[in-house]
>>> print(open('run-v1.txt').read())   # compact mmCIF, C-alpha atoms
# COMPACT_ATOMS: atom_id res chain seq x y z
CA MET V 1 221.29 239.90 76.06
CA ILE V 2 223.72 237.99 78.29
CA PHE V 3 223.55 237.10 81.97
CA VAL V 4 226.83 236.63 83.85
CA ALA V 5 227.24 236.32 87.63
CA ASN V 6 223.74 237.72 88.16
CA LEU V 7 224.70 240.70 86.03
CA PHE V 8 222.33 241.73 83.24
CA VAL V 9 224.17 243.52 80.45
CA GLU V 10 223.81 244.16 76.76
CA SER V 11 225.97 242.07 74.47
CA VAL V 12 228.74 243.94 72.71
CA GLY V 13 226.95 243.79 69.39
CA TYR V 14 224.15 245.95 70.78
CA LEU V 15 226.32 248.62 72.34
CA SER V 16 225.89 251.79 70.32
CA ARG V 17 228.31 254.71 70.35
CA LYS V 18 225.21 256.93 70.14
CA ALA V 19 224.18 255.72 73.61
CA LEU V 20 227.60 256.53 75.09
CA PRO V 21 227.53 260.35 75.44
CA ILE V 22 225.78 261.97 78.38
CA LYS V 23 222.49 263.54 77.23
CA ARG V 24 221.17 266.52 79.17
CA HIS V 25 219.22 269.71 78.40
CA ASP V 26 220.92 273.10 78.36
CA ALA V 27 221.75 274.41 81.86
CA GLU V 28 221.12 271.00 83.41
CA PRO V 29 223.93 270.04 85.83
CA LEU V 30 225.97 266.88 85.35
CA THR V 31 225.72 264.89 88.56
CA ARG V 32 228.28 262.57 90.13
CA GLU V 33 226.28 259.69 88.70
CA ASP V 34 226.51 261.19 85.20
CA VAL V 35 230.28 261.58 85.29
CA GLN V 36 230.87 258.49 87.45
CA PHE V 37 232.79 260.56 89.96
CA ASP V 38 233.86 257.66 92.19
CA LEU V 39 235.37 255.82 89.22
CA LEU V 40 237.37 258.90 88.23
CA GLN V 41 238.47 259.42 91.83
CA TYR V 42 239.80 255.87 92.13
CA ILE V 43 241.62 256.11 88.79
CA PHE V 44 243.32 259.45 89.48
CA SER V 45 244.10 258.78 93.15
CA ASP V 46 245.95 255.53 92.49
CA SER V 47 249.44 255.81 93.95
CA ASN V 48 251.24 253.15 91.90
CA ALA V 49 254.09 254.91 90.07
CA VAL V 50 254.45 252.21 87.40
CA PHE V 51 254.01 254.12 84.13
CA THR V 52 256.97 255.30 82.07
CA ASN V 53 257.28 259.06 81.89
CA PRO V 54 257.76 259.79 78.15
CA THR V 55 259.28 263.22 78.79
CA PRO V 56 261.01 263.25 82.20
CA GLY V 57 261.92 266.76 83.26
CA ALA V 58 260.12 268.30 80.30
CA ASN V 59 257.39 269.90 82.40
CA PRO V 60 256.96 270.95 86.04
CA LEU V 61 253.99 268.65 86.59
CA SER V 62 255.63 265.24 86.35
CA GLY V 63 259.15 266.34 87.25
CA PRO V 64 262.26 264.29 86.48
CA ALA V 65 260.83 260.94 87.64
CA GLU V 66 261.20 258.05 85.21
CA GLN V 67 258.14 256.25 86.60
CA VAL V 68 254.93 258.13 87.42
CA THR V 69 251.37 257.49 88.54
CA PHE V 70 248.49 257.42 86.10
CA ALA V 71 247.37 260.91 87.22
CA ASP V 72 250.82 262.39 86.55
CA LEU V 73 251.04 260.57 83.23
CA TYR V 74 247.66 261.84 82.01
CA ILE V 75 248.03 265.41 83.27
CA SER V 76 251.49 265.64 81.70
CA ALA V 77 250.08 264.46 78.38
CA LEU V 78 247.58 267.32 78.45
CA TYR V 79 250.26 269.82 79.48
CA ASN V 80 252.57 268.73 76.64
CA SER V 81 249.84 268.93 74.00
CA SER V 82 250.58 271.47 71.27
CA LYS V 83 246.99 272.70 71.61
CA CYS V 84 247.30 273.44 75.32
CA SER V 85 247.46 277.21 75.62
CA LYS V 86 250.06 279.09 77.66
CA VAL V 87 247.32 280.39 79.97
CA LEU V 88 246.00 276.88 80.55
CA ARG V 89 249.48 275.52 81.26
CA GLU V 90 250.12 278.27 83.78
CA LYS V 91 246.82 277.56 85.50
CA MET V 92 247.60 273.83 85.67
CA VAL V 93 250.94 274.53 87.37
CA GLU V 94 249.58 277.25 89.62
CA THR V 95 246.56 275.22 90.78
CA PRO V 96 247.14 271.43 90.87
CA ALA V 97 243.51 270.87 91.87
CA PHE V 98 242.42 272.55 88.65
CA ALA V 99 244.78 270.32 86.65
CA MET V 100 243.18 267.28 88.27
CA GLU V 101 239.63 268.48 87.48
CA LEU V 102 240.59 269.23 83.89
CA ALA V 103 242.16 265.78 83.56
CA LYS V 104 238.99 264.06 84.79
CA ILE V 105 236.74 265.96 82.39
CA SER V 106 239.28 265.30 79.63
CA LEU V 107 239.21 261.55 80.28
CA LEU V 108 235.42 261.56 79.91
CA THR V 109 235.89 263.40 76.60
CA ASN V 110 238.64 260.95 75.66
CA VAL V 111 236.30 257.94 75.90
CA GLY V 112 233.29 259.73 74.41
CA ARG V 113 231.09 260.24 77.46
CA ILE V 114 231.35 264.01 76.97
CA ASN V 115 230.93 264.94 73.32
CA THR V 116 231.70 268.15 71.47
CA THR V 117 228.23 269.66 71.96
CA MET V 118 228.94 270.48 75.61
CA ALA V 119 230.42 273.59 77.21
CA PHE V 120 231.16 274.35 80.85
CA PHE V 121 230.95 278.15 81.16
CA PRO V 122 227.52 279.84 81.40
CA GLU V 123 228.27 282.76 79.04
CA MET V 124 228.52 280.46 76.02
CA LYS V 125 226.46 281.97 73.17
CA THR V 126 226.53 279.52 70.29
CA ALA V 127 223.44 277.42 69.65
CA LEU V 128 225.61 274.49 68.58
CA ARG V 129 226.51 273.58 72.16
CA THR V 130 224.78 273.30 75.52
CA TYR V 131 225.99 274.58 78.87
CA HIS V 132 226.28 272.22 81.83
CA PRO V 133 227.68 272.94 85.29
CA VAL V 134 229.67 270.02 86.71
CA PRO V 135 229.65 270.71 90.46
CA SER V 136 231.87 267.78 91.47
CA LEU V 137 234.55 268.71 88.92
CA GLN V 138 234.41 272.52 89.05
CA LYS V 139 235.48 273.35 92.59
CA THR V 140 238.36 275.61 91.51
CA ASN V 141 238.13 278.97 89.76
CA GLY V 142 239.76 277.82 86.54
CA ASN V 143 237.97 277.86 83.21
CA ALA V 144 236.97 274.27 82.43
CA GLN V 145 237.09 274.96 78.69
CA ASP V 146 234.46 273.55 76.36
CA ALA V 147 234.42 270.06 74.91
CA PRO V 148 235.68 270.97 71.40
CA ARG V 149 238.77 272.68 72.84
CA ILE V 150 239.38 269.73 75.15
CA LYS V 151 239.03 267.34 72.21
CA ASN V 152 241.53 269.36 70.15
CA CYS V 153 243.95 269.34 73.06
CA LEU V 154 243.60 265.57 73.36
CA LYS V 155 244.16 264.93 69.67
CA ALA V 156 247.36 266.97 69.79
CA ALA V 157 248.71 265.09 72.84
CA LEU V 158 251.42 263.16 71.01
CA LEU V 159 254.86 261.81 71.74
CA PRO V 160 257.74 263.80 70.18
CA SER V 161 258.26 260.89 67.77
CA GLU V 162 254.59 261.00 66.69
CA ILE V 163 254.40 264.69 65.75
CA LYS V 164 255.58 264.23 62.16
CA THR V 165 254.13 260.74 61.72
CA VAL V 166 250.76 259.03 62.21
CA PRO V 167 250.33 257.69 65.75
CA PRO V 168 249.27 254.04 66.12
CA SER V 169 245.55 253.63 65.54
CA SER V 170 244.92 250.03 66.61
CA PRO V 171 245.82 247.83 69.61
CA ASP V 172 248.02 245.65 67.38
CA GLU V 173 250.01 248.67 66.16
CA ILE V 174 250.61 249.76 69.74
CA MET V 175 251.78 246.27 70.71
CA ASP V 176 254.05 246.08 67.66
CA ARG V 177 255.70 249.40 68.52
CA ARG V 178 256.32 248.28 72.08
CA ARG V 179 257.82 244.98 70.93
CA ALA V 180 260.05 246.97 68.57
CA GLY V 181 261.53 248.76 71.57
CA ILE V 182 259.55 251.99 71.38
CA HIS V 183 258.72 252.65 75.01
CA PRO V 184 256.18 253.95 75.71
CA PRO V 185 254.62 253.02 72.34
CA THR V 186 252.21 255.97 72.38
CA THR V 187 250.64 258.47 74.78
CA ILE V 188 248.05 257.49 77.35
CA VAL V 189 245.59 259.81 75.59
CA ASN V 190 246.00 258.08 72.23
CA LEU V 191 245.76 254.68 73.91
CA VAL V 192 242.37 255.62 75.37
CA PHE V 193 241.16 256.73 71.93
CA VAL V 194 242.30 253.40 70.46
CA LEU V 195 240.70 251.30 73.21
CA ALA V 196 237.41 253.20 72.84
CA ASN V 197 237.41 252.82 69.06
CA HIS V 198 238.17 249.09 69.28
CA ALA V 199 235.95 248.28 72.24
CA ALA V 200 233.90 245.65 70.40
CA PRO V 201 236.73 243.47 69.02
CA LEU V 202 238.65 243.69 72.31
CA ALA V 203 235.65 242.49 74.28
CA SER V 204 236.42 238.85 73.53
CA VAL V 205 240.13 239.42 74.13
CA HIS V 206 239.92 240.87 77.63
CA PHE V 207 236.28 240.49 78.74
CA ASP V 208 235.07 237.17 77.30
CA GLY V 209 232.63 238.98 75.01
CA VAL V 210 230.28 240.03 77.79
CA LEU V 211 231.57 243.49 78.69
CA ASN V 212 233.90 245.86 76.88
CA PHE V 213 236.09 248.86 77.57
CA LEU V 214 233.29 251.43 77.26
CA ASP V 215 231.21 249.67 79.91
CA LEU V 216 233.76 250.80 82.45
CA PHE V 217 232.45 254.37 82.13
CA LEU V 218 228.70 253.75 81.94
CA PRO V 219 226.54 254.27 85.03
CA ASN V 220 223.87 251.66 84.33
CA ARG V 221 226.05 248.54 84.34
CA GLY V 222 225.92 248.07 88.11
CA LEU V 223 229.67 247.44 88.39
CA MET V 224 231.75 248.45 91.40
CA SER V 225 233.80 251.59 90.80
CA THR V 226 236.89 250.11 92.48
CA ASP V 227 236.83 247.13 90.12
CA ARG V 228 236.30 249.31 87.05
CA ALA V 229 239.19 251.59 88.04
CA ARG V 230 241.48 248.59 88.56
CA THR V 231 240.52 247.15 85.16
CA PHE V 232 241.08 250.48 83.40
CA LEU V 233 244.54 250.84 84.95
CA TRP V 234 245.28 247.18 84.15
CA LEU V 235 244.53 247.82 80.47
CA ALA V 236 246.67 250.97 80.45
CA TYR V 237 249.62 249.03 81.88
CA PHE V 238 249.01 246.05 79.59
CA TYR V 239 249.36 248.16 76.42
CA LEU V 240 251.82 250.84 77.51
CA GLU V 241 254.20 248.85 79.69
CA SER V 242 254.02 245.07 79.42
CA SER V 243 251.55 242.40 78.36
CA GLU V 244 253.66 239.61 79.82
CA GLY V 245 254.45 238.71 83.37
CA SER V 246 253.07 240.46 86.40
CA ASN V 247 250.74 243.43 86.11
CA PRO V 248 250.61 245.66 89.24
CA PHE V 249 246.82 245.83 88.83
CA ASP V 250 246.28 242.06 88.65
CA ASP V 251 243.75 240.23 90.78
CA ASP V 252 243.57 236.47 91.33
CA PHE V 253 241.53 235.97 88.16
CA SER V 254 243.86 237.90 85.84
CA ARG V 255 246.92 236.18 87.34
CA LYS V 256 245.44 232.78 86.53
CA HIS V 257 244.22 233.85 83.07
CA PRO V 258 246.95 235.81 81.23
CA GLY V 259 245.55 238.51 78.96
CA LYS V 260 242.23 238.62 80.78
CA ALA V 261 241.23 241.72 82.73
CA PRO V 262 240.46 241.57 86.45
CA LEU V 263 236.96 240.53 87.42
CA LEU V 264 234.21 243.12 87.60
CA ARG V 265 231.82 242.53 90.47
CA GLN V 266 228.22 243.61 90.58
CA MET V 267 227.21 246.04 93.30
CA THR V 268 224.56 245.31 95.87
CA GLU V 269 221.70 247.77 96.16
CA GLN V 270 223.23 249.21 99.31
CA GLN V 271 226.59 249.69 97.59
CA ARG V 272 224.88 251.37 94.67
CA ARG V 273 223.20 253.91 96.97
CA MET V 274 226.55 254.76 98.55
CA GLU V 275 228.33 255.52 95.28
CA ASN V 276 228.36 258.86 93.41
CA VAL V 277 226.31 260.79 95.98
CA ASP V 278 226.12 264.54 95.30
CA THR V 279 226.79 266.77 98.30
CA ASN V 280 224.35 269.50 99.30
CA GLU V 281 226.95 272.10 98.38
CA GLU V 282 227.25 270.65 94.88
CA ILE V 283 223.48 270.48 94.42
CA ASN V 284 223.06 274.12 95.46
CA TRP V 285 225.95 275.29 93.27
CA GLY V 286 224.48 273.43 90.29
CA LYS V 287 221.12 275.16 90.81
CA LYS V 288 222.83 278.53 91.14
CA MET V 289 224.76 278.10 87.89
CA SER V 290 221.67 276.86 86.06
CA ALA V 291 219.78 279.97 87.17
CA GLN V 292 222.71 282.16 86.10
CA ARG V 293 222.67 280.51 82.70
CA ASN V 294 218.92 281.10 82.28
CA VAL V 295 219.31 284.79 83.17
CA PHE V 296 222.14 285.12 80.65
CA LEU V 297 220.06 283.46 77.92
CA GLN V 298 217.08 285.73 78.62
CA LYS V 299 219.24 288.85 78.35
CA LEU V 300 220.75 287.49 75.15
CA VAL V 301 217.33 286.85 73.62
CA ASN V 302 216.12 290.34 74.61
CA SER V 303 219.17 292.00 73.06
CA LEU V 304 218.66 290.06 69.83
CA ASP V 305 215.00 291.08 69.72
CA ASP V 306 215.97 294.73 70.17
CA GLU V 307 218.45 294.50 67.32
CA LYS V 308 215.80 292.97 65.04
CA LYS V 309 213.37 295.81 65.84
CA ILE V 310 216.01 298.42 65.04
CA ARG V 311 216.79 296.77 61.71
CA ALA V 312 213.09 296.52 60.83
CA SER V 313 212.36 300.23 61.55
CA PRO V 314 212.60 302.62 58.49
CA PRO V 315 215.31 305.29 58.78
CA THR V 316 214.12 308.73 59.92
CA VAL V 317 215.43 311.69 57.81
CA ARG V 318 214.68 315.21 58.98
CA GLY V 319 214.72 318.43 56.87
CA PHE V 320 213.51 316.80 53.61
CA VAL V 321 210.18 317.01 51.84
CA SER V 322 209.10 315.28 48.68
CA VAL V 323 209.73 317.00 45.36
CA ASN V 324 208.46 316.33 41.87
CA GLU V 325 210.48 314.89 39.03
CA SER V 326 211.35 318.22 37.45
CA THR V 327 212.83 319.42 40.70
CA LEU V 328 214.95 316.29 41.05
CA ARG V 329 216.38 316.90 37.56
CA ARG V 330 217.32 320.48 38.35
CA PRO V 331 221.08 320.86 38.21
CA LYS V 332 222.82 321.21 41.51
CA GLN V 333 223.66 324.78 42.40
CA PRO V 334 227.16 325.75 43.47
CA HIS V 335 227.42 326.21 47.20
CA ASP V 336 229.78 326.18 50.07
CA GLU V 337 230.36 323.05 52.09
CA GLY V 338 227.69 322.38 54.67
CA ALA V 339 223.92 322.55 54.66
CA PHE V 340 222.01 325.20 52.66
CA MET V 341 218.49 326.00 51.45
CA TYR V 342 217.21 327.33 48.13
CA TYR V 343 213.83 328.35 46.70
CA VAL V 344 212.36 326.38 43.80
CA PRO V 345 209.16 327.80 42.17
CA GLN V 346 207.11 325.09 40.44
CA TYR V 347 205.54 327.56 37.96
CA ASP V 348 204.98 331.32 37.55
CA SER V 349 201.99 332.68 39.38
CA PRO V 350 200.54 336.20 39.54
CA PRO V 351 201.41 338.05 42.68
CA ASP V 352 198.95 338.18 45.51
CA THR V 353 197.62 341.67 45.25
CA ASP V 354 194.86 341.68 47.82
CA GLY V 355 196.87 340.34 50.72
CA ALA V 356 194.43 337.46 51.01
CA LYS V 357 195.53 333.92 51.67
CA LYS V 358 197.67 332.46 48.96
CA SER V 359 196.10 330.35 46.29
CA GLU V 360 196.22 326.63 46.92
CA ASP V 361 197.77 326.25 43.44
CA HIS V 362 200.68 328.51 44.35
CA SER V 363 203.11 326.11 45.97
CA THR V 364 206.75 326.32 46.83
CA VAL V 365 209.32 323.81 47.83
CA TRP V 366 212.04 324.45 50.33
CA ARG V 367 214.78 321.92 49.97
CA THR V 368 217.75 321.27 52.17
CA GLU V 369 220.85 319.56 50.90
CA ILE V 370 224.05 318.49 52.50
CA GLY V 371 227.16 319.40 50.59
>>> encode(input="run-v1.txt", output="structure tokens")
Amino acid sequence: MIFVANLFVESVGYLSRKALPIKRHDAEPLTREDVQFDLLQYIFSDSNAVFTNPTPGANPLSGPAEQVTFADLYISALYNSSKCSKVLREKMVETPAFAMELAKISLLTNVGRINTTMAFFPEMKTALRTYHPVPSLQKTNGNAQDAPRIKNCLKAALLPSEIKTVPPSSPDEIMDRRRAGIHPPTTIVNLVFVLANHAAPLASVHFDGVLNFLDLFLPNRGLMSTDRARTFLWLAYFYLESSEGSNPFDDDFSRKHPGKAPLLRQMTEQQRRMENVDTNEEINWGKKMSAQRNVFLQKLVNSLDDEKKIRASPPTVRGFVSVNESTLRRPKQPHDEGAFMYYVPQYDSPPDTDGAKKSEDHSTVWRTEIG
């Protein structure tokens, strides 16, 4: 463990990808603390239009602008993904607030905080995933998708030049492409994948080996959301735009130490209490959706139990009685289509002459067949 500026953190060597995803039970809401809502808000509300638009005029979200904000850059990358459905694109254009919510959930999926076992609609039936309402990021009526679909959309968010080739998979490859004049060198989505996958080796490059890229998204590091958002945007600019000269997200420390990310300050206890506070409306909506999910699961279980009982019950056939082997071997008689009955004596018996009750040995079989 390492202590820096009164901040107690795990060294990079101990950071496990298994500890990165949010872990919650089915129907349990994801709070603002879980998703680090304030961090996402600072990232997506930044107004610096300093990122190169890879496809100006190609979609109605970013428009013809050559330089765009991070939010426009990220949302456009999702919109241009080959795995983004027509319905989803239309919803993103029709409801910008939905596009912003989708982008925030997608960024959490991008870095690995939300993994592919999560879904965000209560009628999800598969046992392979768990449902979770996200009150702070589900304020519109749009379908938030489930994590596997979001992940597929992210993986297909490529530049036109990357569709038939392999996109860069390491920080060095991204830097080499930019130096070769390919600008931007890759999509913001692919950059986030690369930074997350290379968090450990980059820790000593940008964070002096104490923190790394993934720490920016974890709730238990005690770091100010404003500082984490600035550092995230600084890294995005560093790799996509320029690693030399001025960075619009610099602070005094990064200006004096080229290649080093801005400082990350530790929060006071009072600052910690003021960040990521769920509203009463969000708390109540989360409870409502959890209850709706539990009702849906109970109905689902009951319907499955009913189906099992029906399968286990023997079929009921009316109009048939058991017959002996000789009867079964009797050749089928010609008949018209439809049901009919015929008389089969088992053996000859003397007629009943006294009108008394028939002998118990004198039996007949009435058999019904369907033509």
>>> closest_residue(input="run-v1.txt", among="V:Lys91, V:Arg293, V:Arg32, V:Lys139", to="Ala119 in chain V", atoms="all atoms listed in the file")
V:Arg293
>>> residues_around(input="run-v1.txt", residues="Ser254 in chain V", least_positions_apart="3", cutoff="12 Å", atoms="only C-alpha atoms", output="list in words")
His206, Phe207, Arg230, Thr231, Trp234, Leu235, Phe238, Ser243, Glu244, Gly245, Ser246, Asn247, Pro248, Phe249, Asp250, Asp251, His257, Pro258, Gly259, Lys260, Ala261, Pro262, Leu263 and Leu264 of chain V
>>> residues_around(input="run-v1.txt", residues="Thr117 in chain V", least_positions_apart="5", cutoff="8 Å", atoms="all atoms listed in the file", output="PDB file with C-alpha atoms, keeping the file's coordinate frame")
ATOM      1  CA  LEU V 128     225.610 274.490  68.580  1.00  0.00           C
ATOM      2  CA  ARG V 129     226.510 273.580  72.160  1.00  0.00           C
ATOM      3  CA  THR V 130     224.780 273.300  75.520  1.00  0.00           C
ATOM      4  CA  ALA V 147     234.420 270.060  74.910  1.00  0.00           C
ATOM      5  CA  PRO V 148     235.680 270.970  71.400  1.00  0.00           C
TER       6      PRO V 148
END
>>> residues_around(input="run-v1.txt", residues="Lys155 in chain V", least_positions_apart="6", cutoff="10 Å", atoms="only C-alpha atoms", output="list in words")
Leu78, Ser81, Ser82, Lys83, Asn110, Arg149, Val189, Asn190 and Phe193 of chain V
>>> closest_residue(input="run-v1.txt", among="V:Leu214, V:Leu159, V:Leu39, V:Val301", to="Pro21 in chain V", atoms="all atoms listed in the file")
V:Leu214
>>> closest_residue(input="run-v1.txt", among="V:Thr31, V:Gln145, V:Thr140, V:Thr109", to="Ala196 in chain V", atoms="all atoms listed in the file")
V:Thr109
>>> atom_distance(input="run-v1.txt", atom1="CA of Pro167 in chain V", atom2="CA of Thr186 in chain V")
7.1 Å
>>> closest_residue(input="run-v1.txt", among="V:Leu240, V:Ala19, V:Met274, V:Ile150", to="Ser85 in chain V", atoms="all atoms listed in the file")
V:Ile150
>>> closest_residue(input="run-v1.txt", among="V:Lys287, V:Arg272, V:His198, V:Lys299", to="Pro29 in chain V", atoms="all atoms listed in the file")
V:Lys287
>>> closest_residue(input="run-v1.txt", among="V:Val134, V:Val35, V:Ala200, V:Met267", to="Gly286 in chain V", atoms="only C-alpha atoms")
V:Val134
>>> residues_near_point(input="run-v1.txt", point="(220.8, 279.4, 85.0)", cutoff="10 Å", atoms="only C-alpha atoms", output="PyMOL selection string")
chain V and resi 26-29+122+131-133+286-298
>>> residues_near_point(input="run-v1.txt", point="(247.7, 257.8, 95.2)", cutoff="12 Å", atoms="all atoms listed in the file", output="ChimeraX atom specification")
/V:41-50,68-72
